[in-house]
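Report on the structure given below.
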Amino acid sequence: MMRNKRILAVDDDAFIRRAVRRIWRVALEDAGLDPEEAECAQDAYDLVARTPDDAWFVLTDFQMPSNPGDELCNGADLIRALRRNPVLRQPHIVLMTGVEPDATGIVGCGYDVFFPKTIEKELLLAELRMFLASD
């Protein structure tokens, strides 16, 4: 059964979210998709959890501020929560941050791919296209 594919960019910096949308625009228009955005880990988790049967491509930053009362405070918390949720179809998670993973203890938190924020846009676009082509 073909499931809905959903795309989510998670970053507290609106400039980064807009830049990602520009990079993805052509691939997503061809697929008839419109990316969604969240500026914190908790909002991102809540959005994905509302549609557990959809296939999600989640691009997340590591360092993000959280709101008082949020259980999820950063990208690693988001990734772990998504991976632990037994109801969700496991999303494809790309961690994109300016921090080296081994310097922060986020190695092994469950992301599929790591890219530095200085990534060439073609690599990020290729990762999205692979997801869009998958079943």
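In the structure tokens, chains take the letters A, B, ... in the order shown, each chain's residues start at 1, and ligands count up from 1 in the order shown.
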DSSP alpha helix (DSSP H) residues within chain A, listed as a PyMOL selection string
chain A and resi 14-31+41-49+75-84+101-104+121-133
Output file for the selection above: C-alpha atoms, as a PDB file, in the first residue's frame:
```
ATOM      1  CA  ALA A  14      13.442  30.710   9.825  1.00  0.00           C
ATOM      2  CA  PHE A  15      16.194  31.593   7.326  1.00  0.00           C
ATOM      3  CA  ILE A  16      17.399  27.969   7.330  1.00  0.00           C
ATOM      4  CA  ARG A  17      13.851  26.641   6.893  1.00  0.00           C
ATOM      5  CA  ARG A  18      13.269  28.970   3.922  1.00  0.00           C
ATOM      6  CA  ALA A  19      16.618  28.012   2.366  1.00  0.00           C
ATOM      7  CA  VAL A  20      15.761  24.307   2.644  1.00  0.00           C
ATOM      8  CA  ARG A  21      12.363  24.914   1.028  1.00  0.00           C
ATOM      9  CA  ARG A  22      14.079  26.701  -1.892  1.00  0.00           C
ATOM     10  CA  ILE A  23      16.515  23.807  -2.354  1.00  0.00           C
ATOM     11  CA  TRP A  24      13.689  21.251  -2.294  1.00  0.00           C
ATOM     12  CA  ARG A  25      11.161  23.230  -4.328  1.00  0.00           C
ATOM     13  CA  VAL A  26      11.663  21.577  -7.739  1.00  0.00           C
ATOM     14  CA  ALA A  27      11.784  17.995  -6.435  1.00  0.00           C
ATOM     15  CA  LEU A  28       8.721  18.553  -4.265  1.00  0.00           C
ATOM     16  CA  GLU A  29       6.697  20.297  -6.953  1.00  0.00           C
ATOM     17  CA  ASP A  30       7.347  17.357  -9.293  1.00  0.00           C
ATOM     18  CA  ALA A  31       6.072  15.015  -6.552  1.00  0.00           C
ATOM     19  CA  ALA A  41      11.500  19.578  18.520  1.00  0.00           C
ATOM     20  CA  GLN A  42       8.206  19.316  20.411  1.00  0.00           C
ATOM     21  CA  ASP A  43       6.172  20.889  17.592  1.00  0.00           C
ATOM     22  CA  ALA A  44       7.857  18.574  15.083  1.00  0.00           C
ATOM     23  CA  TYR A  45       7.109  15.466  17.139  1.00  0.00           C
ATOM     24  CA  ASP A  46       3.475  16.474  17.620  1.00  0.00           C
ATOM     25  CA  LEU A  47       3.067  17.028  13.869  1.00  0.00           C
ATOM     26  CA  VAL A  48       4.529  13.634  12.908  1.00  0.00           C
ATOM     27  CA  ALA A  49       2.639  11.799  15.668  1.00  0.00           C
ATOM     28  CA  GLY A  75      17.134  17.412  17.690  1.00  0.00           C
ATOM     29  CA  ALA A  76      18.512  14.370  19.517  1.00  0.00           C
ATOM     30  CA  ASP A  77      15.456  14.305  21.818  1.00  0.00           C
ATOM     31  CA  LEU A  78      13.210  14.502  18.741  1.00  0.00           C
ATOM     32  CA  ILE A  79      15.014  11.666  16.971  1.00  0.00           C
ATOM     33  CA  ARG A  80      14.947   9.397  20.024  1.00  0.00           C
ATOM     34  CA  ALA A  81      11.237  10.077  20.611  1.00  0.00           C
ATOM     35  CA  LEU A  82      10.370   9.313  16.983  1.00  0.00           C
ATOM     36  CA  ARG A  83      12.372   6.077  17.076  1.00  0.00           C
ATOM     37  CA  ARG A  84      10.785   4.960  20.382  1.00  0.00           C
ATOM     38  CA  PRO A 101      28.025  14.724  16.129  1.00  0.00           C
ATOM     39  CA  ASP A 102      30.797  13.122  18.170  1.00  0.00           C
ATOM     40  CA  ALA A 103      31.439  16.404  20.014  1.00  0.00           C
ATOM     41  CA  THR A 104      27.879  16.506  21.338  1.00  0.00           C
ATOM     42  CA  LYS A 121      22.649  21.630  -1.785  1.00  0.00           C
ATOM     43  CA  GLU A 122      22.916  18.860  -4.402  1.00  0.00           C
ATOM     44  CA  LEU A 123      23.644  16.281  -1.669  1.00  0.00           C
ATOM     45  CA  LEU A 124      20.622  17.317   0.358  1.00  0.00           C
ATOM     46  CA  LEU A 125      18.469  17.257  -2.758  1.00  0.00           C
ATOM     47  CA  ALA A 126      19.760  13.792  -3.698  1.00  0.00           C
ATOM     48  CA  GLU A 127      18.813  12.460  -0.236  1.00  0.00           C
ATOM     49  CA  LEU A 128      15.286  13.832  -0.647  1.00  0.00           C
ATOM     50  CA  ARG A 129      14.941  12.364  -4.134  1.00  0.00           C
ATOM     51  CA  MET A 130      15.965   8.914  -2.847  1.00  0.00           C
ATOM     52  CA  PHE A 131      13.207   9.140  -0.232  1.00  0.00           C
ATOM     53  CA  LEU A 132      10.638  10.268  -2.797  1.00  0.00           C
ATOM     54  CA  ALA A 133      11.551   7.359  -5.096  1.00  0.00           C
TER      55      ALA A 133
END
```
Check chain A with DSSP on the backbone and list each residue it calls strand (DSSP E), as a ChimeraX atom specification.
/A:5-10,36-38,55-60,92-97,113-116
Keeping only N, CA and C atoms, write those residues as a PDB file, in the first residue's frame.
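Saved to part_0.pdb:
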```
ATOM      1  N   LYS A   5       3.466  10.579   1.559  1.00  0.00           N
ATOM      2  CA  LYS A   5       4.807  11.020   1.917  1.00  0.00           C
ATOM      3  C   LYS A   5       4.712  12.458   2.397  1.00  0.00           C
ATOM      4  N   ARG A   6       5.397  12.728   3.484  1.00  0.00           N
ATOM      5  CA  ARG A   6       5.366  14.056   4.086  1.00  0.00           C
ATOM      6  C   ARG A   6       6.801  14.495   4.339  1.00  0.00           C
ATOM      7  N   ILE A   7       7.044  15.773   4.196  1.00  0.00           N
ATOM      8  CA  ILE A   7       8.373  16.337   4.322  1.00  0.00           C
ATOM      9  C   ILE A   7       8.328  17.401   5.422  1.00  0.00           C
ATOM     10  N   LEU A   8       9.314  17.355   6.334  1.00  0.00           N
ATOM     11  CA  LEU A   8       9.329  18.281   7.463  1.00  0.00           C
ATOM     12  C   LEU A   8      10.734  18.826   7.679  1.00  0.00           C
ATOM     13  N   ALA A   9      10.847  20.138   7.728  1.00  0.00           N
ATOM     14  CA  ALA A   9      12.105  20.812   8.064  1.00  0.00           C
ATOM     15  C   ALA A   9      11.962  21.386   9.468  1.00  0.00           C
ATOM     16  N   VAL A  10      12.889  20.999  10.362  1.00  0.00           N
ATOM     17  CA  VAL A  10      12.827  21.433  11.761  1.00  0.00           C
ATOM     18  C   VAL A  10      14.081  22.239  12.083  1.00  0.00           C
ATOM     19  N   GLU A  36       6.514  20.833   5.176  1.00  0.00           N
ATOM     20  CA  GLU A  36       6.007  21.453   6.386  1.00  0.00           C
ATOM     21  C   GLU A  36       7.192  21.896   7.226  1.00  0.00           C
ATOM     22  N   GLU A  37       6.933  22.782   8.173  1.00  0.00           N
ATOM     23  CA  GLU A  37       8.001  23.334   9.002  1.00  0.00           C
ATOM     24  C   GLU A  37       7.618  23.275  10.466  1.00  0.00           C
ATOM     25  N   ALA A  38       8.652  23.168  11.293  1.00  0.00           N
ATOM     26  CA  ALA A  38       8.490  23.299  12.741  1.00  0.00           C
ATOM     27  C   ALA A  38       9.731  24.005  13.258  1.00  0.00           C
ATOM     28  N   ALA A  55       4.569   8.324   5.567  1.00  0.00           N
ATOM     29  CA  ALA A  55       6.023   8.164   5.466  1.00  0.00           C
ATOM     30  C   ALA A  55       6.631   9.558   5.559  1.00  0.00           C
ATOM     31  N   TRP A  56       7.406   9.796   6.602  1.00  0.00           N
ATOM     32  CA  TRP A  56       7.972  11.118   6.862  1.00  0.00           C
ATOM     33  C   TRP A  56       9.450  11.171   6.515  1.00  0.00           C
ATOM     34  N   PHE A  57       9.850  12.279   5.900  1.00  0.00           N
ATOM     35  CA  PHE A  57      11.245  12.657   5.722  1.00  0.00           C
ATOM     36  C   PHE A  57      11.435  13.838   6.645  1.00  0.00           C
ATOM     37  N   VAL A  58      12.235  13.662   7.687  1.00  0.00           N
ATOM     38  CA  VAL A  58      12.421  14.713   8.694  1.00  0.00           C
ATOM     39  C   VAL A  58      13.862  15.204   8.633  1.00  0.00           C
ATOM     40  N   LEU A  59      14.021  16.465   8.327  1.00  0.00           N
ATOM     41  CA  LEU A  59      15.323  17.126   8.368  1.00  0.00           C
ATOM     42  C   LEU A  59      15.325  17.975   9.623  1.00  0.00           C
ATOM     43  N   THR A  60      16.238  17.689  10.551  1.00  0.00           N
ATOM     44  CA  THR A  60      16.217  18.412  11.813  1.00  0.00           C
ATOM     45  C   THR A  60      17.584  18.960  12.192  1.00  0.00           C
ATOM     46  N   HIS A  92      12.369   8.720   7.842  1.00  0.00           N
ATOM     47  CA  HIS A  92      13.749   8.873   7.372  1.00  0.00           C
ATOM     48  C   HIS A  92      14.230  10.179   7.985  1.00  0.00           C
ATOM     49  N   ILE A  93      15.251  10.115   8.822  1.00  0.00           N
ATOM     50  CA  ILE A  93      15.678  11.289   9.588  1.00  0.00           C
ATOM     51  C   ILE A  93      17.065  11.726   9.159  1.00  0.00           C
ATOM     52  N   VAL A  94      17.150  12.993   8.756  1.00  0.00           N
ATOM     53  CA  VAL A  94      18.418  13.615   8.389  1.00  0.00           C
ATOM     54  C   VAL A  94      18.732  14.656   9.449  1.00  0.00           C
ATOM     55  N   LEU A  95      19.870  14.504  10.094  1.00  0.00           N
ATOM     56  CA  LEU A  95      20.337  15.483  11.073  1.00  0.00           C
ATOM     57  C   LEU A  95      21.276  16.431  10.351  1.00  0.00           C
ATOM     58  N   MET A  96      20.939  17.712  10.348  1.00  0.00           N
ATOM     59  CA  MET A  96      21.767  18.724   9.700  1.00  0.00           C
ATOM     60  C   MET A  96      22.064  19.796  10.730  1.00  0.00           C
ATOM     61  N   THR A  97      23.328  19.907  11.119  1.00  0.00           N
ATOM     62  CA  THR A  97      23.682  20.846  12.168  1.00  0.00           C
ATOM     63  C   THR A  97      25.088  21.369  11.964  1.00  0.00           C
ATOM     64  N   VAL A 113      21.004   9.849   8.417  1.00  0.00           N
ATOM     65  CA  VAL A 113      22.077  10.534   7.697  1.00  0.00           C
ATOM     66  C   VAL A 113      22.436  11.794   8.454  1.00  0.00           C
ATOM     67  N   PHE A 114      23.734  12.117   8.486  1.00  0.00           N
ATOM     68  CA  PHE A 114      24.193  13.379   9.069  1.00  0.00           C
ATOM     69  C   PHE A 114      24.803  14.237   7.973  1.00  0.00           C
ATOM     70  N   PHE A 115      24.398  15.505   7.950  1.00  0.00           N
ATOM     71  CA  PHE A 115      25.009  16.481   7.059  1.00  0.00           C
ATOM     72  C   PHE A 115      25.377  17.714   7.870  1.00  0.00           C
ATOM     73  N   PRO A 116      26.552  18.292   7.612  1.00  0.00           N
ATOM     74  CA  PRO A 116      26.853  19.584   8.237  1.00  0.00           C
ATOM     75  C   PRO A 116      26.008  20.669   7.565  1.00  0.00           C
TER      76      PRO A 116
END
```
